[in-house]
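One structure is given here, and the rest of the page talks about it.
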Amino acid sequence: GANVTGIDPSIENINVAKEHCKIDPLTANINYQALTVEEMASSGAKFDAVCSLEVIEHVKYPQHFVHGCLECVKPGGSLFLSTINRTAKSFLLAIASAEYLLQLVPPGTHEWNKFITPIELRMMIEKSQNPQSHNEEVHVQRMSGMVLRPPCRTSKGAGKLGSLLQWQLSENDLDVNYIVHAVKAGSS
């Protein structure tokens with residue numbers, strides 16, 4: 001097993017996560033802390049892997065956020081970021097459909113102008129590395145789209161549409177959701 005630390009600037013979210021730990025033994029050993037990633041980076045904490053999934057499109061300063069995430073990655077470690085691309089298709093699917101039509105997330109959850117294109121995210125990652133140190137070089141290894149596969153007749157169970165949809169990676173379709181894997185040079 002791994003030692004896992006979960007952070008969120010909202011103490012309310014941390015408290016919800018801690019309550020969840022009481023009912024799910026698989027999460028019982030997660031170390032939850034009410035911190036921003038920038039505060040975690042300032043503490044000097046380093047991790048083999050840093051995962052931030054569907055967060056960056058909600059932060060005020062995405063470049064600072066990426067820098068903070070990379071500061072927390074050990075040399076030889078990985079950074080995983082997922083977000084939503086800023087396209088007409090993402091507006092239709094992530095906002096109009098998911099928020100208003102299907103009500104999978106509350107209306108107003110997303111702001112289209114805060115969505116980040118894959119090129120912008122790659123540039124943020126590259127800009128966040130230390131140009132003076134080869135140990136701090138960061139290389140994007142892979143960018144993949146995350147697409148919802150519609151339910152098929154063999155889908156088991158009944159209930160809400162969201163429970164029937166399944167995510168899959170796509171090398172070609174980064175139009176809405178996508179994930180980036182970057183590696184910091186060096187060895188831990």
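By convention here, the chains of the structure tokens are called A, B, ... in the order presented, each chain's residues are numbered starting at 1, and ligands are numbered starting at 1 in the order presented.
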Close residues, Val105 (chain A) itself excluded, 12 Å, only C-alpha atoms, min 4 positions apart in chain, as a PyMOL selection string: chain A and resi 93-101+109-110+162
DSSP-assigned alpha helix (DSSP H) members of region 36-176 of chain A, reported as JSON, numbers by chain: {"A": [37, 38, 39, 40, 41, 42, 62, 63, 64, 65, 66, 67, 68, 69, 70, 71, 88, 89, 90, 118, 119, 120, 121, 122, 123, 124, 125, 126, 127, 128, 161, 162, 163, 164]}
Residue contacts of Gly6 (chain A) (12 Å, only C-alpha atoms) excluding same-chain residues fewer than 6 positions away, as a ChimeraX atom specification: /A:13-15,17-18,21,27-37,40,47,49-53
Shell of 8 Å around region 60-66 of chain A, only C-alpha atoms, local chain residues under 3 positions omitted, as a CSV table (one decimal) with N, CA and C atoms, in the first residue's frame:
chain,number,residue,atom,x,y,z
A,37,VAL,N,-2.6,23.6,-2.3
A,37,VAL,CA,-1.4,22.9,-2.8
A,37,VAL,C,-0.1,23.8,-2.6
A,38,GLU,N,-0.4,25.1,-2.7
A,38,GLU,CA,0.8,26.1,-2.5
A,38,GLU,C,1.3,26.0,-1.1
A,56,ILE,N,-8.2,22.1,-11.4
A,56,ILE,CA,-7.6,23.3,-11.9
A,56,ILE,C,-8.5,24.3,-12.6
A,57,GLU,N,-9.6,23.8,-13.1
A,57,GLU,CA,-10.6,24.7,-13.8
A,57,GLU,C,-11.4,25.5,-12.8
A,69,CYS,N,1.8,22.2,-7.5
A,69,CYS,CA,1.7,20.7,-7.7
A,69,CYS,C,3.1,20.1,-8.0
A,70,LEU,N,3.8,20.8,-9.0
A,70,LEU,CA,5.1,20.3,-9.4
A,70,LEU,C,6.1,20.4,-8.2
A,124,MET,N,1.8,25.7,-19.1
A,124,MET,CA,1.9,25.9,-17.7
A,124,MET,C,2.9,25.0,-17.0
A,125,ILE,N,2.9,23.7,-17.4
A,125,ILE,CA,3.8,22.7,-16.9
A,125,ILE,C,5.2,23.1,-17.2
A,128,SER,N,6.5,26.1,-15.3
A,128,SER,CA,6.7,25.8,-13.9
A,128,SER,C,8.0,25.1,-13.5
Test item, strand (DSSP E or B) assignment across region 34-88 of chain A, answer as a list in words: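 Selecting the strand (DSSP E or B) positions of region 34-88 of chain A gives Phe47, Asp48, Ala49, Val50, Cys51, Ser52, Leu53, Val73, Lys74, Pro75, Gly76, Gly77, Ser78, Leu79, Phe80, Leu81, Ser82, Thr83 and Ile84 of chain A.
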Write out as an mmCIF file with all heavy atoms, in the first residue's frame each polymer residue whose atoms come within 6 Å of Ala41 (chain A), counting only C-alpha atoms; drop sequence neighbours fewer than 3 positions from it.
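Below you can see around.cif, which holds the result:
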data_model
loop_
_atom_site.group_PDB
_atom_site.id
_atom_site.type_symbol
_atom_site.label_atom_id
_atom_site.label_comp_id
_atom_site.auth_asym_id
_atom_site.auth_seq_id
_atom_site.Cartn_x
_atom_site.Cartn_y
_atom_site.Cartn_z
ATOM 1 N N GLU A 38 -0.356 25.144 -2.718
ATOM 2 C CA GLU A 38 0.750 26.081 -2.516
ATOM 3 C C GLU A 38 1.272 25.997 -1.081
ATOM 4 O O GLU A 38 2.484 26.048 -0.843
ATOM 5 C CB GLU A 38 0.316 27.510 -2.858
ATOM 6 C CG GLU A 38 -0.044 27.731 -4.326
ATOM 7 C CD GLU A 38 -1.491 27.383 -4.699
ATOM 8 O OE1 GLU A 38 -2.255 26.889 -3.825
ATOM 9 O OE2 GLU A 38 -1.863 27.584 -5.864
ATOM 10 N N GLY A 44 7.464 21.943 2.104
ATOM 11 C CA GLY A 44 8.576 21.103 1.670
ATOM 12 C C GLY A 44 8.193 19.651 1.435
ATOM 13 O O GLY A 44 9.039 18.835 1.104
ATOM 14 N N GLY A 68 2.687 24.809 -7.823
ATOM 15 C CA GLY A 68 2.585 24.185 -6.504
ATOM 16 C C GLY A 68 2.532 22.674 -6.593
ATOM 17 O O GLY A 68 3.183 21.972 -5.804
ATOM 18 N N GLU A 71 5.982 21.421 -7.399
ATOM 19 C CA GLU A 71 6.881 21.560 -6.252
ATOM 20 C C GLU A 71 6.723 20.390 -5.288
ATOM 21 O O GLU A 71 7.662 20.059 -4.561
ATOM 22 C CB GLU A 71 6.605 22.872 -5.507
ATOM 23 C CG GLU A 71 7.159 24.094 -6.205
ATOM 24 C CD GLU A 71 8.684 24.119 -6.208
ATOM 25 O OE1 GLU A 71 9.291 24.000 -5.124
ATOM 26 O OE2 GLU A 71 9.256 24.256 -7.303
ATOM 27 N N CYS A 72 5.564 19.754 -5.284
ATOM 28 C CA CYS A 72 5.300 18.638 -4.376
ATOM 29 C C CYS A 72 5.724 17.287 -4.954
ATOM 30 O O CYS A 72 5.623 16.268 -4.270
ATOM 31 C CB CYS A 72 3.814 18.599 -4.017
ATOM 32 S SG CYS A 72 3.280 19.988 -3.002
#
Contact residues around region 80-86 of chain A with only C-alpha atoms at 6 Å, ignoring same-chain residues under 5 positions, as number ranges by chain: A: 51-54, 115-117, 175-181
Using only C-alpha atoms: which of A:Gly145, A:Pro106, A:Pro25, A:Pro150 has the shortest distance to Pro118 (chain A):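 Result for the nearest residue to Pro118 (chain A): A:Gly145.
The nearest approach to Leu26 (chain A) among the residues A:Val55, A:Ile11, A:Val4, A:Leu79, with only C-alpha atoms taken into account, belongs to A:Val4.
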Straight-line distance linking CA of Glu137 (chain A) with CA of Gly186 (chain A), stated in Å to one decimal: 8.3 Å
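One finds CA of Ser187 (chain A) at 11.2 Å from CA of Ser78 (chain A).
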Using only C-alpha atoms, determine which residues lie at most 12 Å from Glu126 (chain A), disregarding the query and same-chain residues fewer than 3 positions distant; provide the list as a CSV table (one decimal) with C-alpha atoms, in the first residue's frame.
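The result, written out as selection.csv:
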chain,number,residue,atom,x,y,z
A,63,GLN,CA,-0.3,28.7,-13.3
A,66,VAL,CA,0.5,23.9,-11.5
A,67,HIS,CA,3.7,25.2,-10.0
A,70,LEU,CA,5.1,20.3,-9.4
A,119,ILE,CA,-1.7,23.5,-25.2
A,120,GLU,CA,-2.2,26.0,-22.3
A,121,LEU,CA,-1.8,23.2,-19.7
A,122,ARG,CA,1.4,21.9,-21.4
A,123,MET,CA,2.8,25.5,-21.4
A,129,GLN,CA,10.0,23.9,-14.1
A,130,ASN,CA,13.3,25.3,-12.9
A,131,PRO,CA,15.4,26.3,-16.0
A,136,GLU,CA,13.8,19.9,-12.1
A,137,GLU,CA,13.0,19.3,-15.8
A,138,VAL,CA,9.4,18.1,-16.3
A,139,HIS,CA,8.4,16.2,-19.4
A,140,VAL,CA,4.8,15.6,-20.4
A,182,ALA,CA,4.1,14.5,-16.6
A,183,VAL,CA,7.3,13.2,-15.0
A,184,LYS,CA,9.9,15.2,-13.1
Between CA of His58 (chain A) and CA of Asp173 (chain A), distance in Å (one decimal):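 Going from CA of His58 (chain A) over to CA of Asp173 (chain A), I get 22.2 Å.
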Selected residue of minimal separation from Pro75 (chain A) among A:Lys89, A:Asp48, A:Ser144, A:Asn172, counting only C-alpha atoms: A:Asp48
